[in-house]
Each structure stands twice: as structure tokens, then as C-alpha cells.
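Beneath this line is the structure, given in C-alpha cells, with notes to follow.
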Amino acid sequence: MSLTTFQVPAPRSSPMVRRRIATYFVGGVEQIPGLVDALGCLVHELSVDVRDGVRESTMTCAVLLGEDEVEPLLDRLRSLPSVVSSELT
């Protein structure tokens with residue numbers, strides 16, 4: 001007989017809340033996979049606006065995050081070379 005063990009996730013220090021994030025970036029559509037990768041969490045809504053002849057593009061998304069996860073996510077996005085700014089909306 002084998003015994004199955006389950007790992008219990010650590011309790012969150014803050015509740016998960018849906019948060020909208022806007023990220024302004026340069027480099028066009030080629031940057032989108034890296035931006036989505038940097039989110040590192042489940043994305044509930046994603047909208048990308050890339051226009052010909054406009055320097056900056058916009059990615060907006062809704063994600064479930066705890067309060068203590070917001071700044072690390074924004075810092076991760078801001079650290080990408082293509083990102084001009086990233087903020088809560």
C-alpha cells in the first residue's frame with residue numbers, strides 16, 4: 001500500500017484581487033511574447049494596441065494578484081528593455 005502526500009500551499013498574506021495593468025512598450029508585435037511571459041501569472045483579459053507609425057504600443061491586462069505581488073510584477077515588466085512604463089489602472 002502506498003501513501004500519497006499532498007503539499008498544502010502556504011497561506012497568502014493578502015487576498016487575490018483582480019487588477020488591471022497597463023504597460024507601454026516599444027518594438028512592436030515582436031515584444032508581445034516576452035511581455036506576456038514576464039507576467040508570470042494567469043491572465044484573464046489581454047488587449048494589445050500596436051499601431052503603424054506610433055512609437056509606443058500598449059498592453060493592458062487583468063490578472064489575479066495579492067497586494068504583495070503587485071510591485072514585484074510591475075518591477076519585472078519595467079525591467080524589460082522594451083518597456084517604457086507599467087502601472088496599475
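Every chain in the C-alpha cells has a letter given in the order shown (A, B, ...), and although residue numbers restart at 1 in each chain, ligands are simply numbered from 1 in the order shown.
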Would you please extract all alpha helix (DSSP H) residues from chain A, as assigned by DSSP on the backbone, and give them as a PyMOL selection string?
chain A and resi 32-39+67-78
Do you know which residues are at most 6 Å from Val63 (chain A) counting only C-alpha atoms, after dropping those on the same chain fewer than 6 positions away, and could you put them as a PyMOL selection string?
chain A and resi 18-19+43-44
What lies within 9 Å of Leu77 (chain A) using only C-alpha atoms, ignoring chain neighbours under 5 positions off, as a list in words?
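Listed by chain and then number, they are Thr23, Leu35, Ala38, Leu39, Pro72, Val83, Ser85 and Ser86 of chain A.
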I'd like the contact shell of region 78-82 of chain A - 7 Å cut-off, only C-alpha atoms, skipping same-chain residues fewer than 6 positions apart - returned as a list in words.
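That gives Phe25, Val26 and Gly27 of chain A.
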Quick one: DSSP strand (DSSP E or B) residues in chain A, as a PyMOL selection string?
chain A and resi 17-25+43-49+57-65+83-88
Taking 2 positions as the minimum chain separation for residues in the same chain, which residues sit within 12 Å of Asp52 (chain A) when counting only C-alpha atoms? Answer as a ChimeraX atom specification.
/A:26-29,49-50,54-57
Surrounding residues of Val70 (chain A) excluding itself and chain neighbours under 5 positions, 9 Å, only C-alpha atoms, as a ChimeraX atom specification:
/A:19,65,75,88
Grab the residues selected above and save them as a PDB file, in the first residue's frame with N, CA, C and O atoms.
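Contents of the output file again.pdb:
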ATOM      1  N   ARG A  19      -6.729  42.781 -10.822  1.00  0.00           N
ATOM      2  CA  ARG A  19      -6.064  44.069 -11.014  1.00  0.00           C
ATOM      3  C   ARG A  19      -5.796  44.276 -12.494  1.00  0.00           C
ATOM      4  O   ARG A  19      -5.405  43.361 -13.196  1.00  0.00           O
ATOM      5  N   LEU A  65      -4.043  38.957  -8.404  1.00  0.00           N
ATOM      6  CA  LEU A  65      -2.827  39.110  -7.618  1.00  0.00           C
ATOM      7  C   LEU A  65      -3.163  39.520  -6.196  1.00  0.00           C
ATOM      8  O   LEU A  65      -4.140  40.236  -5.966  1.00  0.00           O
ATOM      9  N   ASP A  75       7.670  45.666 -11.336  1.00  0.00           N
ATOM     10  CA  ASP A  75       9.138  45.767 -11.454  1.00  0.00           C
ATOM     11  C   ASP A  75       9.664  44.829 -12.531  1.00  0.00           C
ATOM     12  O   ASP A  75      10.568  45.177 -13.289  1.00  0.00           O
ATOM     13  N   LEU A  88      -0.612  50.203 -12.520  1.00  0.00           N
ATOM     14  CA  LEU A  88      -1.992  49.772 -12.275  1.00  0.00           C
ATOM     15  C   LEU A  88      -2.927  50.801 -12.901  1.00  0.00           C
ATOM     16  O   LEU A  88      -2.627  51.994 -12.896  1.00  0.00           O
TER      17      LEU A  88
END
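Considering only C-alpha atoms, the residue among A:Arg76, A:Ile21, A:Ala62, A:Asp68 positioned nearest to Glu45 (chain A) is A:Ala62.
Each of A:Pro33, A:Gly53, A:Gly40, A:Pro15 was compared to Leu73 (chain A) using only C-alpha atoms, and A:Gly40 turns out to be the nearest.
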